[in-house]
file entry32.pdb (PDB, C-alpha atoms)
ATOM      1  CA  MET H   1      90.813  96.822  96.701  1.00  0.00           C
ATOM      2  CA  ALA H   2      94.430  98.012  96.492  1.00  0.00           C
ATOM      3  CA  GLU H   3      95.281 101.478  97.687  1.00  0.00           C
ATOM      4  CA  THR H   4      95.928 104.153  95.073  1.00  0.00           C
ATOM      5  CA  VAL H   5      99.499 105.440  95.127  1.00  0.00           C
ATOM      6  CA  GLN H   6     100.261 108.993  94.065  1.00  0.00           C
ATOM      7  CA  LEU H   7     103.652 110.307  92.949  1.00  0.00           C
ATOM      8  CA  ASN H   8     104.009 112.361  96.137  1.00  0.00           C
ATOM      9  CA  ASP H   9     103.571 109.176  98.178  1.00  0.00           C
ATOM     10  CA  LEU H  10     106.924 107.857  96.937  1.00  0.00           C
ATOM     11  CA  SER H  11     110.247 108.559  98.637  1.00  0.00           C
ATOM     12  CA  GLN H  12     113.418 109.420  96.758  1.00  0.00           C
ATOM     13  CA  LYS H  13     114.621 105.830  97.170  1.00  0.00           C
ATOM     14  CA  GLN H  14     111.332 104.502  95.788  1.00  0.00           C
ATOM     15  CA  LEU H  15     111.495 106.924  92.849  1.00  0.00           C
ATOM     16  CA  GLU H  16     115.044 105.810  92.021  1.00  0.00           C
ATOM     17  CA  PHE H  17     113.879 102.178  92.079  1.00  0.00           C
ATOM     18  CA  THR H  18     110.892 103.033  89.875  1.00  0.00           C
ATOM     19  CA  GLN H  19     113.009 104.918  87.339  1.00  0.00           C
ATOM     20  CA  ALA H  20     115.565 102.109  87.206  1.00  0.00           C
ATOM     21  CA  GLY H  21     112.826  99.544  86.616  1.00  0.00           C
ATOM     22  CA  ILE H  22     111.149 101.555  83.854  1.00  0.00           C
ATOM     23  CA  THR H  23     114.441 102.222  82.040  1.00  0.00           C
ATOM     24  CA  LYS H  24     115.739  98.679  82.641  1.00  0.00           C
ATOM     25  CA  SER H  25     118.835 100.099  84.318  1.00  0.00           C
ATOM     26  CA  PRO H  26     121.464  97.665  85.594  1.00  0.00           C
ATOM     27  CA  ASN H  27     121.209  99.540  88.921  1.00  0.00           C
ATOM     28  CA  TRP H  28     117.715  98.156  89.381  1.00  0.00           C
ATOM     29  CA  VAL H  29     118.953  94.891  90.907  1.00  0.00           C
ATOM     30  CA  GLN H  30     120.981  96.715  93.569  1.00  0.00           C
ATOM     31  CA  LEU H  31     118.117  99.088  94.321  1.00  0.00           C
ATOM     32  CA  GLU H  32     115.746  96.138  94.589  1.00  0.00           C
ATOM     33  CA  LYS H  33     117.968  94.488  97.204  1.00  0.00           C
ATOM     34  CA  ASN H  34     117.835  97.611  99.360  1.00  0.00           C
ATOM     35  CA  LEU H  35     114.119  98.312  99.149  1.00  0.00           C
ATOM     36  CA  PRO H  36     111.583  96.357 101.216  1.00  0.00           C
ATOM     37  CA  LEU H  37     109.028  94.367  99.233  1.00  0.00           C
ATOM     38  CA  SER H  38     106.186  96.539 100.536  1.00  0.00           C
ATOM     39  CA  ASP H  39     107.928  99.620  99.097  1.00  0.00           C
ATOM     40  CA  GLN H  40     108.508  97.839  95.783  1.00  0.00           C
ATOM     41  CA  ILE H  41     104.810  96.995  95.591  1.00  0.00           C
ATOM     42  CA  LYS H  42     103.937 100.626  96.288  1.00  0.00           C
ATOM     43  CA  CYS H  43     106.116 101.639  93.303  1.00  0.00           C
ATOM     44  CA  LEU H  44     104.457  99.062  91.072  1.00  0.00           C
ATOM     45  CA  ARG H  45     101.008 100.310  92.078  1.00  0.00           C
ATOM     46  CA  TYR H  46     101.985 103.828  91.017  1.00  0.00           C
ATOM     47  CA  VAL H  47     103.402 102.656  87.662  1.00  0.00           C
ATOM     48  CA  ALA H  48     100.395 100.440  86.979  1.00  0.00           C
ATOM     49  CA  MET H  49      97.967 103.349  87.318  1.00  0.00           C
ATOM     50  CA  GLU H  50     100.024 106.057  85.566  1.00  0.00           C
ATOM     51  CA  PRO H  51      99.879 106.006  81.731  1.00  0.00           C
ATOM     52  CA  ASN H  52     103.317 107.621  81.258  1.00  0.00           C
ATOM     53  CA  PRO H  53     105.142 107.523  84.601  1.00  0.00           C
ATOM     54  CA  LEU H  54     108.783 108.055  83.560  1.00  0.00           C
ATOM     55  CA  PRO H  55     108.716 111.838  82.914  1.00  0.00           C
ATOM     56  CA  LYS H  56     106.850 112.441  86.162  1.00  0.00           C
ATOM     57  CA  VAL H  57     109.234 110.240  88.150  1.00  0.00           C
ATOM     58  CA  GLN H  58     112.252 111.985  86.630  1.00  0.00           C
ATOM     59  CA  GLU H  59     110.827 115.437  87.394  1.00  0.00           C
ATOM     60  CA  LYS H  60     110.147 114.460  91.005  1.00  0.00           C
ATOM     61  CA  LEU H  61     113.691 113.114  91.341  1.00  0.00           C
ATOM     62  CA  ARG H  62     115.039 116.444  90.054  1.00  0.00           C
ATOM     63  CA  GLU H  63     113.059 118.180  92.793  1.00  0.00           C
ATOM     64  CA  PHE H  64     114.830 116.014  95.384  1.00  0.00           C
ATOM     65  CA  GLN H  65     118.197 116.971  93.895  1.00  0.00           C
ATOM     66  CA  LEU H  66     117.622 120.743  94.061  1.00  0.00           C
ATOM     67  CA  PRO H  67     119.777 122.396  96.709  1.00  0.00           C
ATOM     68  CA  GLN H  68     117.874 123.058  99.895  1.00  0.00           C
ATOM     69  CA  HIS H  69     117.794 126.547 101.352  1.00  0.00           C
ATOM     70  CA  SER H  70     120.697 126.783 103.735  1.00  0.00           C
ATOM     71  CA  VAL H  71     119.934 127.882 107.228  1.00  0.00           C
ATOM     72  CA  THR H  72     122.540 129.951 109.020  1.00  0.00           C
ATOM     73  CA  HIS H  73     122.940 129.401 112.713  1.00  0.00           C
ATOM     74  CA  GLU H  74     123.904 132.196 115.048  1.00  0.00           C
ATOM     75  CA  ARG H  75     126.768 131.580 117.402  1.00  0.00           C
TER      76      ARG H  75
END
call {"tool": "encode", "arguments": {"input": "entry32.pdb", "output": "structure tokens"}}
result
Amino acid sequence: MAETVQLNDLSQKQLEFTQAGITKSPNWVQLEKNLPLSDQIKCLRYVAMEPNPLPKVQEKLREFQLPQHSVTHER
């Protein structure tokens, strides 16, 4: 039986690939070339089990784009 893939299991690169595939973006082909087949399959497993994956993928991508807390270093 295939492993279940959750949204949090996907990296930013995998989420970008997934979003491009769902929206039929022209960027999908380039993203596909740069993502190993095993990662592509992981994305497909997530999409296959999620009834409406696009909004969740987009929200998770926004989380990746939020500025990280800056850490100041003492000199």
call {"tool": "closest_residue", "arguments": {"input": "entry32.pdb", "among": "H:Ser25, H:Gln19, H:Ser38, H:Ser11", "to": "H:Val57", "atoms": "all atoms listed in the file"}}
result
H:Gln19
call {"tool": "axis_aligned_box", "arguments": {"input": "entry32.pdb", "around": "stretch 18-35 of chain H", "padding_each_side": "4 Å", "output": "AutoDock Vina command-line options"}}
result
--center_x 116.2 --center_y 99.7 --center_z 90.7 --size_x 18.6 --size_y 18.4 --size_z 25.3
call {"tool": "resolve_selection", "arguments": {"input": "entry32.pdb", "expression": "the PyMOL selection byres ((chain H and resi 21) around 12)", "output": "list in words"}}
result
Gln14, Leu15, Glu16, Phe17, Thr18, Gln19, Ala20, Ile22, Thr23, Lys24, Ser25, Pro26, Asn27, Trp28, Val29, Gln30, Leu31, Glu32, Gln40, Cys43, Leu44, Val47, Pro53, Leu54 and Val57 of chain H
call {"tool": "resolve_selection", "arguments": {"input": "entry32.pdb", "expression": "the PyMOL selection byres ((chain H and resi 3-6) around 8)", "output": "number ranges by chain"}}
result
H: 1-2, 7-10, 42-43, 45-46
call {"tool": "atom_distance", "arguments": {"input": "entry32.pdb", "atom1": "atom CA of H:Lys13", "atom2": "atom CA of H:Pro67"}}
result
17.4 Å
call {"tool": "atom_distance", "arguments": {"input": "entry32.pdb", "atom1": "atom CA of H:Pro36", "atom2": "atom CA of H:Gln12"}}
result
13.9 Å
call {"tool": "atom_distance", "arguments": {"input": "entry32.pdb", "atom1": "atom CA of H:Glu63", "atom2": "atom CA of H:Lys33"}}
result
24.6 Å
